>>> print(open('coords29.pdb').read())   # PDB, C-alpha atoms
ATOM      1  CA  MET A   1       0.000   0.000   0.000  1.00  0.00           C
ATOM      2  CA  LYS A   2       1.436   3.369  -1.015  1.00  0.00           C
ATOM      3  CA  LEU A   3       0.979   6.079   1.596  1.00  0.00           C
ATOM      4  CA  ILE A   4       2.067   9.705   1.459  1.00  0.00           C
ATOM      5  CA  PHE A   5       2.886  11.755   4.561  1.00  0.00           C
ATOM      6  CA  LYS A   6       2.132  15.473   4.243  1.00  0.00           C
ATOM      7  CA  GLN A   7       3.038  17.918   6.947  1.00  0.00           C
ATOM      8  CA  ALA A   8      -0.116  19.440   8.403  1.00  0.00           C
ATOM      9  CA  VAL A   9      -0.681  23.182   8.187  1.00  0.00           C
ATOM     10  CA  ILE A  10      -2.414  25.350  10.763  1.00  0.00           C
ATOM     11  CA  GLU A  11      -5.513  25.598   8.549  1.00  0.00           C
ATOM     12  CA  GLN A  12      -6.016  21.862   9.238  1.00  0.00           C
ATOM     13  CA  PHE A  13      -6.027  22.290  13.016  1.00  0.00           C
ATOM     14  CA  LYS A  14      -9.806  21.844  13.344  1.00  0.00           C
ATOM     15  CA  GLU A  15      -9.621  18.785  11.109  1.00  0.00           C
ATOM     16  CA  ALA A  16      -7.075  17.237  13.489  1.00  0.00           C
ATOM     17  CA  LEU A  17      -9.450  17.815  16.416  1.00  0.00           C
ATOM     18  CA  ASP A  18     -12.203  16.171  14.355  1.00  0.00           C
ATOM     19  CA  PHE A  19      -9.931  13.142  13.836  1.00  0.00           C
ATOM     20  CA  PHE A  20      -9.505  12.887  17.612  1.00  0.00           C
ATOM     21  CA  ARG A  21     -13.263  13.181  18.217  1.00  0.00           C
ATOM     22  CA  ALA A  22     -13.990  10.453  15.677  1.00  0.00           C
ATOM     23  CA  ALA A  23     -11.374   8.195  17.280  1.00  0.00           C
ATOM     24  CA  SER A  24     -12.880   8.846  20.702  1.00  0.00           C
ATOM     25  CA  LEU A  25     -16.315   7.842  19.426  1.00  0.00           C
ATOM     26  CA  ALA A  26     -14.957   4.685  17.781  1.00  0.00           C
ATOM     27  CA  LEU A  27     -13.203   3.694  21.015  1.00  0.00           C
ATOM     28  CA  ARG A  28     -16.356   4.366  23.035  1.00  0.00           C
ATOM     29  CA  GLU A  29     -18.324   2.116  20.659  1.00  0.00           C
ATOM     30  CA  LYS A  30     -15.814  -0.641  21.484  1.00  0.00           C
ATOM     31  CA  ASN A  31     -16.386  -0.021  25.221  1.00  0.00           C
ATOM     32  CA  LEU A  32     -12.861   1.332  25.672  1.00  0.00           C
ATOM     33  CA  SER A  33     -12.193   4.260  27.982  1.00  0.00           C
ATOM     34  CA  GLN A  34      -9.255   5.609  25.986  1.00  0.00           C
ATOM     35  CA  TRP A  35      -9.379   9.202  24.663  1.00  0.00           C
ATOM     36  CA  HIS A  36     -12.879  10.101  25.897  1.00  0.00           C
ATOM     37  CA  TYR A  37     -11.580  13.571  26.717  1.00  0.00           C
ATOM     38  CA  TRP A  38     -11.495  14.274  22.960  1.00  0.00           C
ATOM     39  CA  ASP A  39     -15.320  14.460  22.957  1.00  0.00           C
ATOM     40  CA  GLN A  40     -14.944  17.854  24.643  1.00  0.00           C
ATOM     41  CA  PRO A  41     -11.200  18.317  24.963  1.00  0.00           C
ATOM     42  CA  PRO A  42      -9.792  20.275  27.882  1.00  0.00           C
ATOM     43  CA  GLU A  43      -7.737  23.353  27.057  1.00  0.00           C
ATOM     44  CA  GLU A  44      -4.417  21.634  27.820  1.00  0.00           C
ATOM     45  CA  LYS A  45      -5.115  18.974  25.171  1.00  0.00           C
ATOM     46  CA  ILE A  46      -6.129  21.585  22.598  1.00  0.00           C
ATOM     47  CA  SER A  47      -2.985  23.533  23.456  1.00  0.00           C
ATOM     48  CA  TRP A  48      -0.860  20.381  23.066  1.00  0.00           C
ATOM     49  CA  VAL A  49      -2.236  19.888  19.545  1.00  0.00           C
ATOM     50  CA  ARG A  50      -1.792  23.578  18.704  1.00  0.00           C
ATOM     51  CA  GLN A  51       1.848  23.411  19.830  1.00  0.00           C
ATOM     52  CA  GLY A  52       2.359  20.380  17.617  1.00  0.00           C
ATOM     53  CA  PHE A  53       0.991  22.294  14.642  1.00  0.00           C
ATOM     54  CA  GLU A  54       3.208  25.285  15.428  1.00  0.00           C
ATOM     55  CA  LYS A  55       6.270  23.002  15.630  1.00  0.00           C
ATOM     56  CA  ARG A  56       5.236  21.286  12.372  1.00  0.00           C
ATOM     57  CA  GLU A  57       5.050  17.863  14.069  1.00  0.00           C
ATOM     58  CA  PHE A  58       1.635  16.774  12.766  1.00  0.00           C
ATOM     59  CA  PHE A  59       1.249  14.879   9.518  1.00  0.00           C
ATOM     60  CA  PHE A  60      -1.775  13.731   7.584  1.00  0.00           C
ATOM     61  CA  VAL A  61      -1.554  10.458   5.694  1.00  0.00           C
ATOM     62  CA  TYR A  62      -2.949  10.102   2.188  1.00  0.00           C
ATOM     63  CA  ASP A  63      -3.459   7.033   0.040  1.00  0.00           C
ATOM     64  CA  GLU A  64      -2.561   6.726  -3.644  1.00  0.00           C
ATOM     65  CA  SER A  65      -5.839   8.419  -4.653  1.00  0.00           C
ATOM     66  CA  ASP A  66      -4.962  11.431  -2.433  1.00  0.00           C
ATOM     67  CA  GLN A  67      -7.654  10.508   0.096  1.00  0.00           C
ATOM     68  CA  LYS A  68      -6.836  11.403   3.702  1.00  0.00           C
ATOM     69  CA  VAL A  69      -6.671   8.119   5.639  1.00  0.00           C
ATOM     70  CA  GLY A  70      -4.834   8.972   8.856  1.00  0.00           C
ATOM     71  CA  MET A  71      -2.875  11.352  11.036  1.00  0.00           C
ATOM     72  CA  PHE A  72       0.059  11.255  13.446  1.00  0.00           C
ATOM     73  CA  ARG A  73       2.438  13.486  15.375  1.00  0.00           C
ATOM     74  CA  LEU A  74       6.179  12.877  15.290  1.00  0.00           C
ATOM     75  CA  LEU A  75       8.306  14.464  18.012  1.00  0.00           C
ATOM     76  CA  ASP A  76      12.068  14.809  18.518  1.00  0.00           C
ATOM     77  CA  THR A  77      11.659  14.821  22.309  1.00  0.00           C
ATOM     78  CA  ASP A  78       8.957  13.720  24.738  1.00  0.00           C
ATOM     79  CA  THR A  79       9.408  14.555  28.405  1.00  0.00           C
ATOM     80  CA  LEU A  80       5.644  14.465  29.040  1.00  0.00           C
ATOM     81  CA  TYR A  81       5.637  10.654  28.966  1.00  0.00           C
ATOM     82  CA  TRP A  82       9.322   9.712  29.026  1.00  0.00           C
ATOM     83  CA  ASN A  83      10.685  12.226  31.577  1.00  0.00           C
ATOM     84  CA  ASP A  84      14.478  12.719  31.119  1.00  0.00           C
ATOM     85  CA  ARG A  85      14.665   9.683  28.833  1.00  0.00           C
ATOM     86  CA  GLY A  86      12.551  11.731  26.460  1.00  0.00           C
ATOM     87  CA  LEU A  87      15.541  13.926  25.693  1.00  0.00           C
ATOM     88  CA  GLU A  88      17.744  11.165  24.277  1.00  0.00           C
ATOM     89  CA  ASN A  89      19.475  11.847  20.980  1.00  0.00           C
ATOM     90  CA  ASN A  90      18.608   9.893  17.833  1.00  0.00           C
ATOM     91  CA  THR A  91      15.144   9.031  19.164  1.00  0.00           C
ATOM     92  CA  ARG A  92      11.717   9.860  17.753  1.00  0.00           C
ATOM     93  CA  TYR A  93       8.279   9.613  19.327  1.00  0.00           C
ATOM     94  CA  VAL A  94       5.030   8.962  17.504  1.00  0.00           C
ATOM     95  CA  HIS A  95       1.810  10.204  19.080  1.00  0.00           C
ATOM     96  CA  SER A  96      -1.781  10.559  18.037  1.00  0.00           C
ATOM     97  CA  LEU A  97      -1.739   7.881  15.371  1.00  0.00           C
ATOM     98  CA  VAL A  98      -5.320   7.941  14.133  1.00  0.00           C
ATOM     99  CA  ILE A  99      -6.837   6.133  11.167  1.00  0.00           C
ATOM    100  CA  SER A 100      -9.967   7.476   9.449  1.00  0.00           C
ATOM    101  CA  ARG A 101     -13.016   5.629  10.747  1.00  0.00           C
ATOM    102  CA  ASN A 102     -13.958   4.343   7.312  1.00  0.00           C
ATOM    103  CA  LYS A 103     -10.420   2.979   6.794  1.00  0.00           C
ATOM    104  CA  THR A 104      -9.788   1.081  10.035  1.00  0.00           C
ATOM    105  CA  GLY A 105      -9.010  -2.620   9.825  1.00  0.00           C
ATOM    106  CA  LYS A 106      -7.329  -2.340   6.421  1.00  0.00           C
ATOM    107  CA  GLY A 107      -3.707  -2.425   7.567  1.00  0.00           C
ATOM    108  CA  ILE A 108      -3.129   1.313   7.228  1.00  0.00           C
ATOM    109  CA  GLY A 109      -1.778   1.721  10.767  1.00  0.00           C
ATOM    110  CA  ASN A 110       0.715  -1.055  10.156  1.00  0.00           C
ATOM    111  CA  CYS A 111       1.808   0.550   6.870  1.00  0.00           C
ATOM    112  CA  ILE A 112       2.234   3.937   8.562  1.00  0.00           C
ATOM    113  CA  LEU A 113       4.405   2.412  11.293  1.00  0.00           C
ATOM    114  CA  GLN A 114       6.485   0.497   8.731  1.00  0.00           C
ATOM    115  CA  LYS A 115       7.050   3.605   6.633  1.00  0.00           C
ATOM    116  CA  LEU A 116       7.933   5.682   9.709  1.00  0.00           C
ATOM    117  CA  ARG A 117      10.314   2.989  10.962  1.00  0.00           C
ATOM    118  CA  ASP A 118      12.027   2.742   7.578  1.00  0.00           C
ATOM    119  CA  GLN A 119      12.343   6.533   7.180  1.00  0.00           C
ATOM    120  CA  LEU A 120      13.685   6.985  10.685  1.00  0.00           C
ATOM    121  CA  LYS A 121      16.242   4.224  10.242  1.00  0.00           C
ATOM    122  CA  LYS A 122      17.323   5.684   6.893  1.00  0.00           C
ATOM    123  CA  ASN A 123      17.796   9.059   8.628  1.00  0.00           C
ATOM    124  CA  GLY A 124      20.063   7.573  11.302  1.00  0.00           C
ATOM    125  CA  ILE A 125      17.535   7.469  14.135  1.00  0.00           C
ATOM    126  CA  SER A 126      18.280   4.594  16.510  1.00  0.00           C
ATOM    127  CA  LYS A 127      15.157   4.473  18.721  1.00  0.00           C
ATOM    128  CA  PHE A 128      11.475   4.684  17.852  1.00  0.00           C
ATOM    129  CA  ARG A 129       9.100   5.197  20.785  1.00  0.00           C
ATOM    130  CA  LEU A 130       5.416   5.514  21.535  1.00  0.00           C
ATOM    131  CA  ASP A 131       2.994   5.177  24.418  1.00  0.00           C
ATOM    132  CA  CYS A 132      -0.345   3.449  24.617  1.00  0.00           C
ATOM    133  CA  ASP A 133      -3.195   3.509  27.100  1.00  0.00           C
ATOM    134  CA  ALA A 134      -2.564   0.351  29.154  1.00  0.00           C
ATOM    135  CA  SER A 135      -6.310  -0.362  29.393  1.00  0.00           C
ATOM    136  CA  ASN A 136      -6.466  -0.937  25.624  1.00  0.00           C
ATOM    137  CA  LYS A 137      -4.993  -4.453  25.704  1.00  0.00           C
ATOM    138  CA  ARG A 138      -5.682  -5.086  22.030  1.00  0.00           C
ATOM    139  CA  LEU A 139      -3.755  -1.987  20.944  1.00  0.00           C
ATOM    140  CA  CYS A 140      -0.884  -2.787  23.324  1.00  0.00           C
ATOM    141  CA  LYS A 141      -0.632  -6.258  21.779  1.00  0.00           C
ATOM    142  CA  TYR A 142      -0.744  -4.704  18.300  1.00  0.00           C
ATOM    143  CA  TYR A 143       2.328  -2.581  19.096  1.00  0.00           C
ATOM    144  CA  GLU A 144       4.112  -5.527  20.711  1.00  0.00           C
ATOM    145  CA  ASP A 145       3.373  -7.726  17.693  1.00  0.00           C
ATOM    146  CA  PHE A 146       4.803  -4.968  15.487  1.00  0.00           C
ATOM    147  CA  GLY A 147       8.083  -5.230  17.406  1.00  0.00           C
ATOM    148  CA  PHE A 148       7.862  -2.588  20.118  1.00  0.00           C
ATOM    149  CA  LYS A 149       9.050  -3.648  23.587  1.00  0.00           C
ATOM    150  CA  LYS A 150       7.389  -2.362  26.737  1.00  0.00           C
ATOM    151  CA  THR A 151       9.967  -0.458  28.788  1.00  0.00           C
ATOM    152  CA  GLY A 152       7.814   1.100  31.497  1.00  0.00           C
ATOM    153  CA  GLU A 153       4.618   2.873  32.445  1.00  0.00           C
ATOM    154  CA  LYS A 154       3.607   6.479  32.917  1.00  0.00           C
ATOM    155  CA  LYS A 155       0.578   7.535  34.934  1.00  0.00           C
ATOM    156  CA  THR A 156      -1.054  10.735  33.759  1.00  0.00           C
ATOM    157  CA  GLU A 157      -4.202  12.566  34.729  1.00  0.00           C
ATOM    158  CA  TYR A 158      -6.087  10.656  32.037  1.00  0.00           C
ATOM    159  CA  ALA A 159      -4.651   7.126  32.019  1.00  0.00           C
ATOM    160  CA  VAL A 160      -1.848   4.730  32.787  1.00  0.00           C
ATOM    161  CA  ASN A 161       0.222   4.464  29.634  1.00  0.00           C
ATOM    162  CA  ASN A 162       2.588   1.701  28.611  1.00  0.00           C
ATOM    163  CA  LEU A 163       5.850   3.007  27.181  1.00  0.00           C
ATOM    164  CA  TYR A 164       7.149   1.176  24.125  1.00  0.00           C
ATOM    165  CA  GLU A 165      10.388   1.410  22.184  1.00  0.00           C
ATOM    166  CA  MET A 166      12.013  -0.207  19.214  1.00  0.00           C
ATOM    167  CA  PHE A 167      15.702  -0.170  18.334  1.00  0.00           C
ATOM    168  CA  LEU A 168      16.237   0.566  14.659  1.00  0.00           C
TER     169      LEU A 168
END
>>> encode(input="coords29.pdb", output="structure tokens")
Amino acid sequence: MKLIFKQAVIEQFKEALDFFRAASLALREKNLSQWHYWDQPPEEKISWVRQGFEKREFFFVYDESDQKVGMFRLLDTDTLYWNDRGLENNTRYVHSLVISRNKTGKGIGNCILQKLRDQLKKNGISKFRLDCDASNKRLCKYYEDFGFKKTGEKKTEYAVNNLYEMFL
């Protein structure tokens, strides 16, 4: 599957929030508690997304027909979840990986992670990290099956998150 990553622009900010709301609804329909705050996001979450747009960290994912099929944020550092470890050199952090509701279950998430992994490795990055709400056992297993290893946990106001990393 050919996917194209395009850096998001500030005019797409509302669209990113809509992606989060749709993901929250999909998770709720599966009786999962993850991301419910995106129904009516608190200001700190909106600010976190806005900062990501300002730093040019958000990307939309398009398929070969130029249809938007997903979104993610790629950070150089992440002290919010990883504390001081989040400042390590040659490490990248993926957040907010969301697949369009009408495209879930088609392997797009896997393709995005593969493409990110390959690009990061090609660019000399040695560690690829992410976090996942520990209550979403299916998603945690998905990341583990992809090759990420759990290296810890981080409790936040909203959830307990498993910390995952992959050496490239």
>>> residues_around(input="coords29.pdb", residues="Leu80 (chain A)", least_positions_apart="4", cutoff="12 Å", atoms="all atoms listed in the file", output="list of chain:residue names")
A:Trp48, A:Leu75, A:Asp84, A:Arg85, A:Gly86, A:Leu87, A:Tyr93, A:His95, A:Leu130, A:Asp131, A:Lys154, A:Lys155, A:Thr156, A:Glu157, A:Asn161, A:Leu163
>>> resolve_selection(input="coords29.pdb", expression="the PyMOL selection byres ((chain A and resi 162) around 10)", output="list in words")
Tyr81, Leu130, Asp131, Cys132, Asp133, Ala134, Ser135, Asn136, Cys140, Lys149, Lys150, Thr151, Gly152, Glu153, Lys154, Lys155, Ala159, Val160, Asn161, Leu163 and Tyr164 of chain A
>>> closest_residue(input="coords29.pdb", among="A:Lys103, A:Ser24, A:Asn31, A:Lys141", to="Gly70 (chain A)", atoms="only C-alpha atoms")
A:Lys103
>>> closest_residue(input="coords29.pdb", among="A:Val69, A:Ile4, A:Trp38, A:Lys137", to="Gly105 (chain A)", atoms="all atoms listed in the file")
A:Val69
>>> closest_residue(input="coords29.pdb", among="A:Ser100, A:Asn90, A:Gln119, A:Ser126", to="Glu15 (chain A)", atoms="all atoms listed in the file")
A:Ser100
>>> closest_residue(input="coords29.pdb", among="A:Asp118, A:Asp145, A:Glu44, A:Asp76", to="Tyr158 (chain A)", atoms="only C-alpha atoms")
A:Glu44
>>> axis_aligned_box(input="coords29.pdb", around="region 82-88 of chain A", padding_each_side="8 Å", output="JSON")
{"center_x": 13.5, "center_y": 11.8, "center_z": 27.9, "size_x": 24.4, "size_y": 20.2, "size_z": 23.3}
>>> atom_distance(input="coords29.pdb", atom1="CA of Asn89 (chain A)", atom2="CA of Ile125 (chain A)")
8.4 Å
>>> atom_distance(input="coords29.pdb", atom1="CA of Phe148 (chain A)", atom2="CA of Arg129 (chain A)")
7.9 Å
>>> residues_around(input="coords29.pdb", residues="Lys122 (chain A)", least_positions_apart="5", cutoff="10 Å", atoms="all atoms listed in the file", output="ChimeraX atom specification")
/A:116-117,168
>>> atom_distance(input="coords29.pdb", atom1="CA of Arg28 (chain A)", atom2="CA of Glu11 (chain A)")
27.9 Å
>>> resolve_selection(input="coords29.pdb", expression="the PyMOL selection byres ((chain A and resi 27) around 12)", output="PyMOL selection string")
chain A and resi 20-26+28-39+98-99+101+104+133+135-136+138-139
>>> closest_residue(input="coords29.pdb", among="A:Glu88, A:Leu74, A:Tyr143, A:Leu17", to="Phe59 (chain A)", atoms="all atoms listed in the file")
A:Leu74
>>> resolve_selection(input="coords29.pdb", expression="the PyMOL selection byres ((chain A and resi 128) around 6)", output="list in words")
Thr91, Arg92, Lys127, Arg129, Glu165 and Met166 of chain A
>>> write_last_selection(input="coords29.pdb", atoms="C-alpha atoms", output="compact mmCIF listing (two decimals), keeping the file's coordinate frame")
# COMPACT_ATOMS: atom_id res chain seq x y z
CA THR A 91 15.14 9.03 19.16
CA ARG A 92 11.72 9.86 17.75
CA LYS A 127 15.16 4.47 18.72
CA ARG A 129 9.10 5.20 20.78
CA GLU A 165 10.39 1.41 22.18
CA MET A 166 12.01 -0.21 19.21
>>> closest_residue(input="coords29.pdb", among="A:Cys111, A:Glu43, A:Ala16, A:Ala8", to="Glu57 (chain A)", atoms="all atoms listed in the file")
A:Ala8
>>> build_atoms(input="coords29.pdb", residues="region 112-123 of chain A", atoms="all heavy atoms", output="short mmCIF file (atom, residue, chain, number, x, y, z; two decimals), in the frame of the given file")
data_model
loop_
_atom_site.label_atom_id
_atom_site.label_comp_id
_atom_site.auth_asym_id
_atom_site.auth_seq_id
_atom_site.Cartn_x
_atom_site.Cartn_y
_atom_site.Cartn_z
N ILE A 112 1.69 2.67 8.06
CA ILE A 112 2.23 3.94 8.56
C ILE A 112 3.44 3.66 9.45
O ILE A 112 4.50 4.29 9.31
CB ILE A 112 1.16 4.74 9.32
CG1 ILE A 112 0.09 5.24 8.35
CG2 ILE A 112 1.79 5.90 10.09
CD1 ILE A 112 -1.13 5.85 9.02
N LEU A 113 3.29 2.73 10.39
CA LEU A 113 4.40 2.41 11.29
C LEU A 113 5.61 1.87 10.53
O LEU A 113 6.75 2.22 10.84
CB LEU A 113 3.95 1.41 12.36
CG LEU A 113 3.01 1.96 13.43
CD1 LEU A 113 2.50 0.84 14.31
CD2 LEU A 113 3.70 3.05 14.26
N GLN A 114 5.38 1.03 9.53
CA GLN A 114 6.48 0.50 8.73
C GLN A 114 7.21 1.62 8.00
O GLN A 114 8.44 1.67 8.00
CB GLN A 114 5.97 -0.52 7.71
CG GLN A 114 5.60 -1.84 8.29
CD GLN A 114 5.00 -2.77 7.23
OE1 GLN A 114 5.08 -2.53 6.04
NE2 GLN A 114 4.39 -3.86 7.69
N LYS A 115 6.44 2.50 7.38
CA LYS A 115 7.05 3.60 6.63
C LYS A 115 7.81 4.53 7.58
O LYS A 115 8.94 4.96 7.26
CB LYS A 115 5.98 4.38 5.86
CG LYS A 115 6.54 5.48 4.99
CD LYS A 115 5.50 6.09 4.08
CE LYS A 115 6.15 7.21 3.27
NZ LYS A 115 5.31 7.63 2.17
N LEU A 116 7.23 4.85 8.72
CA LEU A 116 7.93 5.68 9.71
C LEU A 116 9.22 5.01 10.17
O LEU A 116 10.29 5.64 10.20
CB LEU A 116 7.03 5.94 10.92
CG LEU A 116 6.09 7.11 10.84
CD1 LEU A 116 5.12 7.10 12.02
CD2 LEU A 116 6.85 8.42 10.77
N ARG A 117 9.13 3.74 10.51
CA ARG A 117 10.31 2.99 10.96
C ARG A 117 11.41 3.04 9.90
O ARG A 117 12.56 3.33 10.20
CB ARG A 117 9.92 1.55 11.27
CG ARG A 117 11.09 0.67 11.72
CD ARG A 117 10.73 -0.79 11.72
NE ARG A 117 10.37 -1.20 10.35
CZ ARG A 117 9.57 -2.22 10.06
NH1 ARG A 117 9.03 -2.94 11.02
NH2 ARG A 117 9.31 -2.52 8.82
N ASP A 118 11.04 2.77 8.66
CA ASP A 118 12.03 2.74 7.58
C ASP A 118 12.64 4.12 7.35
O ASP A 118 13.86 4.24 7.15
CB ASP A 118 11.39 2.22 6.29
CG ASP A 118 10.96 0.75 6.41
OD1 ASP A 118 11.37 0.07 7.37
OD2 ASP A 118 10.20 0.31 5.53
N GLN A 119 11.82 5.17 7.38
CA GLN A 119 12.34 6.53 7.18
C GLN A 119 13.26 6.94 8.32
O GLN A 119 14.32 7.54 8.09
CB GLN A 119 11.20 7.53 7.06
CG GLN A 119 10.49 7.51 5.74
CD GLN A 119 9.38 8.56 5.65
OE1 GLN A 119 9.04 9.24 6.62
NE2 GLN A 119 8.80 8.68 4.47
N LEU A 120 12.86 6.62 9.54
CA LEU A 120 13.68 6.98 10.68
C LEU A 120 15.04 6.28 10.63
O LEU A 120 16.08 6.89 10.85
CB LEU A 120 12.95 6.67 11.99
CG LEU A 120 11.69 7.50 12.27
CD1 LEU A 120 10.97 6.98 13.50
CD2 LEU A 120 12.01 8.97 12.38
N LYS A 121 15.00 4.99 10.33
CA LYS A 121 16.24 4.22 10.24
C LYS A 121 17.15 4.80 9.15
O LYS A 121 18.35 4.98 9.36
CB LYS A 121 15.92 2.76 9.96
CG LYS A 121 17.11 1.85 10.03
CD LYS A 121 16.69 0.40 9.89
CE LYS A 121 17.90 -0.51 10.02
NZ LYS A 121 17.52 -1.92 9.98
N LYS A 122 16.57 5.11 8.02
CA LYS A 122 17.32 5.68 6.89
C LYS A 122 17.97 7.02 7.29
O LYS A 122 19.05 7.36 6.83
CB LYS A 122 16.39 5.88 5.70
CG LYS A 122 17.04 6.45 4.48
CD LYS A 122 16.04 6.59 3.35
CE LYS A 122 16.65 7.27 2.15
NZ LYS A 122 15.67 7.52 1.10
N ASN A 123 17.29 7.76 8.18
CA ASN A 123 17.80 9.06 8.63
C ASN A 123 18.71 8.97 9.85
O ASN A 123 19.04 9.99 10.45
CB ASN A 123 16.63 10.00 8.92
CG ASN A 123 15.90 10.40 7.65
OD1 ASN A 123 16.48 10.47 6.58
ND2 ASN A 123 14.61 10.66 7.78
#
